[in-house]
Amino acid sequence: MLQWIKLYWIYEETSFSTKANGFLYFLTKIPLIGKHLPQDLYGQYGLKKMVFTLLFSFRLILPFFTKIIWLLLYYAVALFALRGWDPLFDSFGRFEEQVMIVGFYTWLVMVALASNFFYLFSFTLEQKAIEFTDYFMVSKRQYLRMTLFFKTIQAIIYYLPALLLYSFFAGNGWLSFVGIFGAVFACLAAASLIRWGFQKQWGRGWRIGCRLAVSLLIVVSLYSLLLQQIIPTATFGVGLFAFFLIGGSGCLYYLKHFTQEDAFFLYSVEKSYQQISVLETIASDSNQYLSEGIEMQKKLSLDQEKPLTHLQGSEYLNGLLFQRCRKLLHKKLLKRVGIVAILFLGLILLTLLKILPYPNEEDLTKVLPALFLVMYFGSLGKAIVQMVFVNCDISLLYYPFYREKETILSGFNYRFIKSMFYNGVFAGSIFGGFFILNFLNGGRTSWYFIGVLFLLLTSLTALFSFHELFIYYLLQPFTGDMKVVNPVYKFVSGALYWLCYINLRLQITGFAYSIVVSIVLLCYVLVGYLLILRLAPQTFRMKE
């Protein structure tokens, strides 16, 4: 027992140190902060051990309070199912015994039984667990039994105070015993069943069958409790407690005498590595920062090319690249324009059939902030950045001539103009849809609205054509093996989406708002372009 506790402490301490080192590495990559951090930061073992002790202690204490919240949540679910929505808040503080019993058994099915069972009914292990046993030469059998022991003991200790309080207010002392032994039984049953299948050398089908059976049992139990409003009796609780006690004892006896623990661990490691390999392949194929560029590279074809004699140097290289990717970019653009056309045609058809009234100017003005998010999803700026890196910059950035100021600025200007063209066509389709809708409505919308709409779409076109290029040239986060090593790039790239989303949620309308937003966006583009002129020659480099 003491060996398991010591092993668990070492495992948690190692896991925390790994996360701490990763966080410190993240800090060293942040401009203006990283270079001021001391070089021996990773070696501050005493500091990291002290922080680990504090955080680990907090993590041990916090679940005692969260478990109470979870039990109250399931009580609220039962209260809603039995009494409906209207008296929910009025009845929540009265702790009705019948409702509390239903809430408890709902928690028992979902958390104590289902969650613990599915957690341990698996062959796969976490990668850090495999590395831990290898690095510290820990016994495989000892590690697996330690994991099962602490998963089971946590199910008892963390929920014990919450269950005692819940049983007290429900006026039914059996609930505590049923909850604790139910959680223990689920852990032991899952661990025993997965080992039994391994010992019998059964295939994958039996595990799928077990999961389906447990899932069906969960659905039937919840349907009986919540929809049929069945209140379990005290006799039912005693019988369930006896079943958990007998079943758990049998599972514990089997686990204690299971002789193939090392073979089971090695098989689990093999399955885990296979799963990790699949997940890494999926992650690399779905890299949000380069997936579109890689996809376009795979579909690149050498079509008949038009002469580009009017271009020179970097502009010629970019012109050749955009020409060879023209069909792919046009296909993406037509797909976006087609969606806009279908939406407006559907709206026009509904208005012609008198199903919907023609929107007036006030209704159309409320739509203007939403164009921010529409242009975000319709922009080709991110695809163009990925295309130029994967098909051009990843090779040429190693050459000194390509990193000269004139070459960098020439390439940036050409790509910005091309992005403006493609995004401008998409914005033009939106503007055309509004214009046609206004024409069919008898031109009731004022020219002032048309002007504000044109200004806003122009500003958004400039923003989404410029922003991705701006952060790409200013931060250039990619390595030669297509990895993202600059955490600031990830943050700034995702921040634009949240800015668009927040803009939508503000629910601020009016021409003045749209005009102010347009001016701010144009100023951002102007200031950003000046920064590119000054800083891009120093920042546009291949990362290592």
# chains A, B, ... in the order shown; residues from 1 in each chain; ligands from 1
call {"tool": "residues_around", "arguments": {"residues": "range 65-68 of chain A", "least_positions_apart": "6", "cutoff": "8 Å", "atoms": "only C-alpha atoms", "output": "PyMOL selection string"}}
result
chain A and resi 158-159+162-163
call {"tool": "write_last_selection", "arguments": {"atoms": "C-alpha atoms", "output": "short mmCIF file (atom, residue, chain, number, x, y, z; two decimals), in the first residue's frame"}}
result
data_model
loop_
_atom_site.label_atom_id
_atom_site.label_comp_id
_atom_site.auth_asym_id
_atom_site.auth_seq_id
_atom_site.Cartn_x
_atom_site.Cartn_y
_atom_site.Cartn_z
CA TYR A 158 -14.02 12.34 -2.79
CA TYR A 159 -17.73 11.48 -2.71
CA ALA A 162 -21.01 14.80 -0.35
CA LEU A 163 -22.93 11.52 -0.06
#
call {"tool": "residues_around", "arguments": {"residues": "Ile471 in chain A", "least_positions_apart": "6", "cutoff": "10 Å", "atoms": "only C-alpha atoms", "output": "NGL selection string"}}
result
:A and (385 or 477 or 488-489 or 492-493 or 528 or 532 or 536)
call {"tool": "closest_residue", "arguments": {"among": "A:Phe264, A:Phe439, A:Phe540, A:Phe149", "to": "Gln476 in chain A", "atoms": "only C-alpha atoms"}}
result
A:Phe540
call {"tool": "closest_residue", "arguments": {"among": "A:Phe466, A:Phe344, A:Phe434, A:Phe198", "to": "Leu368 in chain A", "atoms": "only C-alpha atoms"}}
result
A:Phe434
call {"tool": "atom_distance", "arguments": {"atom1": "CA of Cys523 in chain A", "atom2": "CA of Ser465 in chain A"}}
result
14.2 Å
